[in-house]
file entry_34.cif (mmCIF, C-alpha atoms)
data_model
#
loop_
_atom_site.label_atom_id
_atom_site.label_comp_id
_atom_site.auth_asym_id
_atom_site.auth_seq_id
_atom_site.Cartn_x
_atom_site.Cartn_y
_atom_site.Cartn_z
CA MET X 2 120.73 108.88 74.82
CA SER X 3 117.39 108.97 76.56
CA HIS X 4 116.78 111.57 79.22
CA PHE X 5 114.23 113.85 80.82
CA GLU X 6 114.66 117.59 80.40
CA GLY X 7 112.93 120.64 81.84
CA SER X 8 111.10 121.11 85.13
CA ALA X 9 108.05 119.64 86.84
CA HIS X 10 105.83 122.15 85.00
CA SER X 11 107.29 121.55 81.55
CA LEU X 12 108.95 118.17 81.32
CA SER X 13 110.06 116.42 78.13
CA LEU X 14 111.39 112.93 77.57
CA TYR X 15 113.84 112.18 74.77
CA LEU X 16 113.99 108.58 73.54
CA SER X 17 115.10 106.74 70.43
CA HIS X 18 112.64 104.48 68.62
CA ASP X 19 114.48 101.44 69.98
CA GLU X 20 114.29 102.73 73.56
CA ALA X 21 110.59 103.48 73.17
CA GLU X 22 109.97 99.98 71.80
CA ILE X 23 111.83 98.41 74.74
CA LEU X 24 109.71 100.39 77.18
CA ILE X 25 106.49 99.52 75.33
CA ASN X 26 107.42 95.84 75.49
CA LEU X 27 108.07 96.04 79.24
CA VAL X 28 104.87 98.00 79.85
CA GLU X 29 102.80 95.48 77.89
CA GLN X 30 104.33 92.57 79.79
CA LEU X 31 103.53 94.22 83.11
CA LEU X 32 99.99 95.10 81.98
CA GLU X 33 99.46 91.48 81.04
CA LEU X 34 100.74 90.33 84.41
CA LEU X 35 98.58 92.80 86.33
CA GLY X 36 95.50 91.67 84.47
CA GLU X 37 96.32 88.00 84.38
CA GLY X 38 93.77 85.52 85.55
CA ASP X 39 90.76 86.11 87.67
CA PHE X 40 92.07 87.72 90.82
CA PHE X 41 88.55 88.17 92.19
CA HIS X 42 87.56 85.08 94.12
CA HIS X 43 84.59 83.92 96.12
CA TYR X 44 81.91 86.61 95.87
CA ASP X 45 80.04 86.99 99.13
CA THR X 46 76.33 86.86 98.36
CA THR X 47 75.30 87.51 101.98
CA ASP X 48 77.07 90.87 102.41
CA PRO X 49 74.81 93.65 101.03
CA LEU X 50 77.72 96.09 100.62
CA ALA X 51 79.76 93.49 98.77
CA GLN X 52 76.75 92.78 96.53
CA MET X 53 76.17 96.45 95.81
CA LEU X 54 79.82 97.13 94.99
CA ALA X 55 80.38 93.75 93.29
CA MET X 56 83.15 93.27 95.82
CA PRO X 57 84.70 89.88 96.33
CA SER X 58 84.66 88.41 99.81
CA GLU X 59 88.24 87.30 99.37
CA ILE X 60 91.15 87.97 97.02
CA GLU X 61 93.94 85.44 97.11
CA ILE X 62 97.58 86.40 97.38
CA PRO X 63 99.04 86.37 93.87
CA GLU X 64 101.30 83.44 93.07
CA ASP X 65 103.68 85.37 90.84
CA PRO X 66 106.58 86.89 92.83
CA VAL X 67 106.39 90.13 90.80
CA LEU X 68 102.73 90.58 91.74
CA GLN X 69 103.57 89.78 95.36
CA ARG X 70 106.10 92.64 95.24
CA LEU X 71 103.78 95.08 93.45
CA LEU X 72 100.73 94.10 95.55
CA PRO X 73 102.21 93.11 98.92
CA ASN X 74 100.28 91.99 101.97
CA ALA X 75 99.62 94.84 104.35
CA TYR X 76 99.40 92.59 107.40
CA ALA X 77 101.10 89.43 108.62
CA ASP X 78 97.81 88.03 109.88
CA PRO X 79 96.20 86.17 106.93
CA GLU X 80 92.65 87.26 107.77
CA SER X 81 93.60 90.94 108.10
CA ALA X 82 95.70 90.71 104.95
CA SER X 83 92.77 89.20 103.07
CA ASP X 84 90.39 91.92 104.27
CA PHE X 85 92.81 94.67 103.32
CA ARG X 86 93.45 93.07 99.91
CA ARG X 87 89.69 92.78 99.35
CA TYR X 88 89.16 96.51 99.78
CA THR X 89 92.30 97.80 98.09
CA GLU X 90 93.73 95.43 95.48
CA PRO X 91 91.22 96.05 92.66
CA ALA X 92 91.79 99.82 92.91
CA ILE X 93 95.57 99.46 93.13
CA ARG X 94 95.66 97.13 90.12
CA GLY X 95 93.43 99.55 88.23
CA MET X 96 95.64 102.53 89.08
CA LYS X 97 98.77 100.68 87.99
CA GLN X 98 97.09 99.57 84.75
CA LYS X 99 95.86 103.12 84.00
CA THR X 100 99.35 104.54 84.57
CA LEU X 101 100.99 101.94 82.36
CA ARG X 102 98.40 102.40 79.59
CA ARG X 103 99.05 106.15 79.59
CA VAL X 104 102.81 105.59 79.33
CA ARG X 105 102.29 103.07 76.52
CA GLU X 106 100.11 105.55 74.65
CA GLU X 107 102.77 108.27 74.95
CA LEU X 108 105.53 105.90 73.86
CA THR X 109 103.54 104.77 70.82
CA SER X 110 103.63 108.34 69.53
CA ILE X 111 107.44 108.11 69.40
CA VAL X 112 107.42 104.76 67.62
CA ASP X 113 104.87 106.03 65.09
CA ALA X 114 106.89 109.22 64.37
CA PRO X 115 109.10 109.24 61.27
CA ASP X 116 112.23 110.57 63.03
CA GLU X 117 114.89 108.31 64.56
CA ALA X 118 114.63 110.03 67.94
CA GLY X 119 111.45 111.18 69.59
CA VAL X 120 110.43 113.74 72.13
CA LEU X 121 107.50 113.49 74.49
CA ALA X 122 106.60 117.00 75.57
CA ASN X 123 104.68 117.84 78.73
CA VAL X 124 104.97 114.42 80.31
CA ASP X 125 103.44 114.00 83.73
CA PRO X 126 106.29 113.32 86.19
CA GLU X 127 104.08 111.41 88.64
CA THR X 128 102.85 109.05 85.92
CA TRP X 129 106.39 108.37 84.75
CA LEU X 130 107.76 107.90 88.26
CA LEU X 131 105.03 105.38 89.07
CA ALA X 132 105.54 103.48 85.81
CA LEU X 133 109.35 103.44 86.03
CA ASN X 134 109.16 102.30 89.65
CA ASP X 135 106.80 99.42 88.86
CA LEU X 136 108.89 98.36 85.85
CA ARG X 137 112.08 98.41 87.94
CA LEU X 138 110.45 96.45 90.76
CA ALA X 139 109.26 93.81 88.30
CA LEU X 140 112.71 93.45 86.75
CA ALA X 141 114.37 93.46 90.18
CA VAL X 142 112.26 90.49 91.22
CA ARG X 143 112.93 88.60 87.99
CA LEU X 144 116.68 89.30 88.19
CA ASP X 145 116.87 88.76 91.95
CA ILE X 146 118.60 92.14 92.34
CA SER X 147 120.85 92.52 95.36
CA ALA X 148 123.62 94.83 96.53
CA ASP X 149 126.18 93.08 94.33
CA SER X 150 124.04 92.90 91.18
CA PHE X 151 125.99 95.58 89.32
CA GLU X 152 129.14 93.54 89.80
CA THR X 153 127.28 90.47 88.54
CA PHE X 154 126.19 92.46 85.48
CA GLU X 155 129.74 93.62 84.74
CA LEU X 156 131.11 90.07 84.99
CA LEU X 157 128.52 88.55 82.65
CA PRO X 158 129.85 87.79 79.17
CA ASP X 159 128.24 89.90 76.44
CA GLU X 160 126.63 86.84 74.84
CA ASN X 161 124.75 85.99 78.05
CA PRO X 162 121.05 86.85 77.47
CA GLN X 163 120.72 88.10 81.07
CA LYS X 164 123.24 90.87 80.39
CA SER X 165 120.79 92.88 78.27
CA ILE X 166 118.05 92.50 80.89
CA TYR X 167 120.40 93.80 83.59
CA ALA X 168 121.31 96.68 81.27
CA VAL X 169 117.63 97.59 80.88
CA TYR X 170 117.17 97.46 84.66
CA PHE X 171 120.08 99.85 85.24
CA TRP X 172 118.91 102.09 82.38
CA LEU X 173 115.47 102.39 83.98
CA GLY X 174 117.17 103.33 87.23
CA TRP X 175 119.13 106.02 85.45
CA LEU X 176 115.95 107.42 83.87
CA GLN X 177 114.25 107.42 87.26
CA GLU X 178 117.23 109.18 88.86
CA ASN X 179 117.33 111.72 86.03
CA LEU X 180 113.65 112.50 86.50
CA LEU X 181 113.93 112.81 90.27
CA ALA X 182 116.90 115.18 89.94
CA LEU X 183 114.81 117.51 87.76
CA LEU X 184 111.99 117.52 90.30
CA ASN X 185 114.18 118.52 93.25
#
call {"tool": "encode", "arguments": {"input": "entry_34.cif", "output": "structure tokens"}}
result
Amino acid sequence: MSHFEGSAHSLSLYLSHDEAEILINLVEQLLELLGEGDFFHHYDTTDPLAQMLAMPSEIEIPEDPVLQRLLPNAYADPESASDFRRYTEPAIRGMKQKTLRRVREELTSIVDAPDEAGVLANVDPETWLLALNDLRLALAVRLDISADSFETFELLPDENPQKSIYAVYFWLGWLQENLLALLN
């Protein structure tokens, strides 16, 4: 079974090919969502700083609930929220995309290896914590996770397609918990 092993200075991740492929699929879906559409809107041609930095004058709140969770408004006031989003969202999206691309690259090495199980040596705990957190948040939104979701999962019949998605969500939580325990 998948798990992290070691310490913050020498951390390894053990995964099967199937587990690595599941994670790659999730990472690619989230990368696609983070890069979807043109989230830069309405360039301000009168603001010299905005022109110099190619900064949009406004970035709209994402319509997708997952993106709303991953890129929340910082302020209740729409104007303040828009200003904050304008200055921070491109960098936050970029950071999330960079983290997910790095994880995908590491996972690909497992899938490309000839053995049934793979080991990623010297993984960066911060990168993996960020990626696992974003993946779990995305699944939590899609599954509408609540306090009684584990009970819902246990009561689902095995043939229900949602059951495997819940299982992946709880597996990601276990991996995250395993990693955090090694870092404490």
call {"tool": "resolve_selection", "arguments": {"input": "entry_34.cif", "expression": "the PyMOL selection byres ((chain X and resi 119) around 10)", "output": "list in words"}}
result
Ser3, Leu14, Tyr15, Leu16, Ser17, His18, Glu20, Ala21, Leu108, Ser110, Ile111, Val112, Asp113, Ala114, Pro115, Asp116, Glu117, Ala118, Val120, Leu121 and Ala122 of chain X
call {"tool": "resolve_selection", "arguments": {"input": "entry_34.cif", "expression": "the PyMOL selection byres ((chain X and resi 23) around 12)", "output": "list in words"}}
result
Leu16, Ser17, His18, Asp19, Glu20, Ala21, Glu22, Leu24, Ile25, Asn26, Leu27, Val28, Glu29, Gln30, Arg105, Leu108, Thr109, Ile111, Val112, Leu136, Ser165, Ile166, Ala168, Val169, Tyr170, Trp172 and Leu173 of chain X
call {"tool": "resolve_selection", "arguments": {"input": "entry_34.cif", "expression": "the PyMOL selection byres ((chain X and resi 70) around 10)", "output": "compact mmCIF listing (two decimals) with C-alpha atoms, in the frame of the given file"}}
result
# COMPACT_ATOMS: atom_id res chain seq x y z
CA PRO X 63 99.04 86.37 93.87
CA ASP X 65 103.68 85.37 90.84
CA PRO X 66 106.58 86.89 92.83
CA VAL X 67 106.39 90.13 90.80
CA LEU X 68 102.73 90.58 91.74
CA GLN X 69 103.57 89.78 95.36
CA LEU X 71 103.78 95.08 93.45
CA LEU X 72 100.73 94.10 95.55
CA PRO X 73 102.21 93.11 98.92
CA ASN X 74 100.28 91.99 101.97
CA ASP X 135 106.80 99.42 88.86
CA LEU X 138 110.45 96.45 90.76
CA ALA X 139 109.26 93.81 88.30
CA ALA X 141 114.37 93.46 90.18
CA VAL X 142 112.26 90.49 91.22
call {"tool": "axis_aligned_box", "arguments": {"input": "entry_34.cif", "around": "range 101-118 of chain X", "padding_each_side": "6 Å", "output": "AutoDock Vina command-line options"}}
result
--center_x 106.6 --center_y 106.3 --center_z 71.8 --size_x 28.5 --size_y 20.6 --size_z 33.1
call {"tool": "closest_atom_pairs", "arguments": {"input": "entry_34.cif", "of": "range 122-147 of chain X", "to": "range 76-97 of chain X", "cutoff": "10 Å", "atoms": "all atoms listed in the file", "output": "Markdown table"}}
result
| residue | atom | partner | partner_atom | distance |
| --- | --- | --- | --- | --- |
| X:Thr128 | CA | X:Lys97 | CA | 9.5 |
| X:Leu131 | CA | X:Lys97 | CA | 7.9 |
| X:Ala132 | CA | X:Lys97 | CA | 7.6 |
| X:Asp135 | CA | X:Lys97 | CA | 8.2 |
call {"tool": "residues_near_point", "arguments": {"input": "entry_34.cif", "point": "(119.8, 103.5, 86.0)", "cutoff": "12 Å", "atoms": "only C-alpha atoms", "output": "list in words"}}
result
Ser3, His4, Leu133, Asn134, Arg137, Phe151, Tyr167, Ala168, Val169, Tyr170, Phe171, Trp172, Leu173, Gly174, Trp175, Leu176, Gln177, Glu178, Asn179, Leu180 and Leu181 of chain X
call {"tool": "write_last_selection", "arguments": {"input": "entry_34.cif", "atoms": "C-alpha atoms", "output": "PDB file, in the coordinates of the input"}}
result
ATOM      1  CA  SER X   3     117.390 108.970  76.560  1.00  0.00           C
ATOM      2  CA  HIS X   4     116.780 111.570  79.220  1.00  0.00           C
ATOM      3  CA  LEU X 133     109.350 103.440  86.030  1.00  0.00           C
ATOM      4  CA  ASN X 134     109.160 102.300  89.650  1.00  0.00           C
ATOM      5  CA  ARG X 137     112.080  98.410  87.940  1.00  0.00           C
ATOM      6  CA  PHE X 151     125.990  95.580  89.320  1.00  0.00           C
ATOM      7  CA  TYR X 167     120.400  93.800  83.590  1.00  0.00           C
ATOM      8  CA  ALA X 168     121.310  96.680  81.270  1.00  0.00           C
ATOM      9  CA  VAL X 169     117.630  97.590  80.880  1.00  0.00           C
ATOM     10  CA  TYR X 170     117.170  97.460  84.660  1.00  0.00           C
ATOM     11  CA  PHE X 171     120.080  99.850  85.240  1.00  0.00           C
ATOM     12  CA  TRP X 172     118.910 102.090  82.380  1.00  0.00           C
ATOM     13  CA  LEU X 173     115.470 102.390  83.980  1.00  0.00           C
ATOM     14  CA  GLY X 174     117.170 103.330  87.230  1.00  0.00           C
ATOM     15  CA  TRP X 175     119.130 106.020  85.450  1.00  0.00           C
ATOM     16  CA  LEU X 176     115.950 107.420  83.870  1.00  0.00           C
ATOM     17  CA  GLN X 177     114.250 107.420  87.260  1.00  0.00           C
ATOM     18  CA  GLU X 178     117.230 109.180  88.860  1.00  0.00           C
ATOM     19  CA  ASN X 179     117.330 111.720  86.030  1.00  0.00           C
ATOM     20  CA  LEU X 180     113.650 112.500  86.500  1.00  0.00           C
ATOM     21  CA  LEU X 181     113.930 112.810  90.270  1.00  0.00           C
TER      22      LEU X 181
END
call {"tool": "atom_distance", "arguments": {"input": "entry_34.cif", "atom1": "CA of Leu32 in chain X", "atom2": "CA of Gln98 in chain X"}}
result
6.0 Å
call {"tool": "closest_residue", "arguments": {"input": "entry_34.cif", "among": "X:Leu184, X:Glu107, X:Ala148, X:Asn161", "to": "Glu127 in chain X", "atoms": "only C-alpha atoms"}}
result
X:Leu184
call {"tool": "atom_distance", "arguments": {"input": "entry_34.cif", "atom1": "CA of Asp149 in chain X", "atom2": "CA of Pro162 in chain X"}}
result
18.7 Å
call {"tool": "build_atoms", "arguments": {"input": "entry_34.cif", "residues": "range 120-147 of chain X", "atoms": "N, CA and C atoms", "output": "mmCIF file, in the coordinates of the input"}}
result
data_model
loop_
_atom_site.group_PDB
_atom_site.id
_atom_site.type_symbol
_atom_site.label_atom_id
_atom_site.label_comp_id
_atom_site.auth_asym_id
_atom_site.auth_seq_id
_atom_site.Cartn_x
_atom_site.Cartn_y
_atom_site.Cartn_z
ATOM 1 N N VAL X 120 110.561 112.904 70.944
ATOM 2 C CA VAL X 120 110.430 113.740 72.130
ATOM 3 C C VAL X 120 108.981 113.680 72.591
ATOM 4 N N LEU X 121 108.814 113.400 73.865
ATOM 5 C CA LEU X 121 107.500 113.490 74.490
ATOM 6 C C LEU X 121 107.479 114.776 75.292
ATOM 7 N N ALA X 122 106.686 115.729 74.873
ATOM 8 C CA ALA X 122 106.600 117.000 75.570
ATOM 9 C C ALA X 122 105.506 116.937 76.630
ATOM 10 N N ASN X 123 105.666 117.713 77.662
ATOM 11 C CA ASN X 123 104.680 117.840 78.730
ATOM 12 C C ASN X 123 104.284 116.509 79.353
ATOM 13 N N VAL X 124 105.267 115.680 79.648
ATOM 14 C CA VAL X 124 104.970 114.420 80.310
ATOM 15 C C VAL X 124 104.659 114.696 81.787
ATOM 16 N N ASP X 125 103.811 113.868 82.333
ATOM 17 C CA ASP X 125 103.440 114.000 83.730
ATOM 18 C C ASP X 125 104.471 113.258 84.586
ATOM 19 N N PRO X 126 105.221 113.975 85.421
ATOM 20 C CA PRO X 126 106.290 113.320 86.190
ATOM 21 C C PRO X 126 105.774 112.217 87.121
ATOM 22 N N GLU X 127 104.609 112.420 87.724
ATOM 23 C CA GLU X 127 104.080 111.410 88.640
ATOM 24 C C GLU X 127 103.775 110.109 87.897
ATOM 25 N N THR X 128 103.163 110.232 86.742
ATOM 26 C CA THR X 128 102.850 109.050 85.920
ATOM 27 C C THR X 128 104.120 108.292 85.587
ATOM 28 N N TRP X 129 105.137 109.017 85.154
ATOM 29 C CA TRP X 129 106.390 108.370 84.750
ATOM 30 C C TRP X 129 107.132 107.786 85.939
ATOM 31 N N LEU X 130 107.103 108.460 87.072
ATOM 32 C CA LEU X 130 107.760 107.900 88.260
ATOM 33 C C LEU X 130 107.083 106.601 88.697
ATOM 34 N N LEU X 131 105.764 106.592 88.688
ATOM 35 C CA LEU X 131 105.030 105.380 89.070
ATOM 36 C C LEU X 131 105.332 104.234 88.098
ATOM 37 N N ALA X 132 105.303 104.524 86.809
ATOM 38 C CA ALA X 132 105.540 103.480 85.810
ATOM 39 C C ALA X 132 106.983 102.967 85.885
ATOM 40 N N LEU X 133 107.944 103.870 85.948
ATOM 41 C CA LEU X 133 109.350 103.440 86.030
ATOM 42 C C LEU X 133 109.593 102.619 87.291
ATOM 43 N N ASN X 134 108.986 103.041 88.397
ATOM 44 C CA ASN X 134 109.160 102.300 89.650
ATOM 45 C C ASN X 134 108.607 100.883 89.534
ATOM 46 N N ASP X 135 107.400 100.750 88.995
ATOM 47 C CA ASP X 135 106.800 99.420 88.860
ATOM 48 C C ASP X 135 107.605 98.540 87.890
ATOM 49 N N LEU X 136 108.076 99.125 86.804
ATOM 50 C CA LEU X 136 108.890 98.360 85.850
ATOM 51 C C LEU X 136 110.191 97.891 86.501
ATOM 52 N N ARG X 137 110.825 98.774 87.260
ATOM 53 C CA ARG X 137 112.080 98.410 87.940
ATOM 54 C C ARG X 137 111.839 97.339 89.001
ATOM 55 N N LEU X 138 110.751 97.467 89.751
ATOM 56 C CA LEU X 138 110.450 96.450 90.760
ATOM 57 C C LEU X 138 110.236 95.089 90.104
ATOM 58 N N ALA X 139 109.506 95.073 88.998
ATOM 59 C CA ALA X 139 109.260 93.810 88.300
ATOM 60 C C ALA X 139 110.567 93.185 87.823
ATOM 61 N N LEU X 140 111.419 93.978 87.215
ATOM 62 C CA LEU X 140 112.710 93.450 86.750
ATOM 63 C C LEU X 140 113.595 93.037 87.926
ATOM 64 N N ALA X 141 113.546 93.797 89.010
ATOM 65 C CA ALA X 141 114.370 93.460 90.180
ATOM 66 C C ALA X 141 113.987 92.100 90.738
ATOM 67 N N VAL X 142 112.695 91.798 90.747
ATOM 68 C CA VAL X 142 112.260 90.490 91.220
ATOM 69 C C VAL X 142 112.739 89.401 90.269
ATOM 70 N N ARG X 143 112.537 89.616 88.982
ATOM 71 C CA ARG X 143 112.930 88.600 87.990
ATOM 72 C C ARG X 143 114.437 88.356 87.985
ATOM 73 N N LEU X 144 115.214 89.418 88.206
ATOM 74 C CA LEU X 144 116.680 89.300 88.190
ATOM 75 C C LEU X 144 117.261 88.973 89.556
ATOM 76 N N ASP X 145 116.420 88.977 90.577
ATOM 77 C CA ASP X 145 116.870 88.760 91.950
ATOM 78 C C ASP X 145 117.971 89.765 92.314
ATOM 79 N N ILE X 146 117.646 91.046 92.111
ATOM 80 C CA ILE X 146 118.600 92.140 92.340
ATOM 81 C C ILE X 146 119.001 92.197 93.804
ATOM 82 N N SER X 147 120.300 92.373 94.011
ATOM 83 C CA SER X 147 120.850 92.520 95.360
ATOM 84 C C SER X 147 121.935 93.589 95.325
#
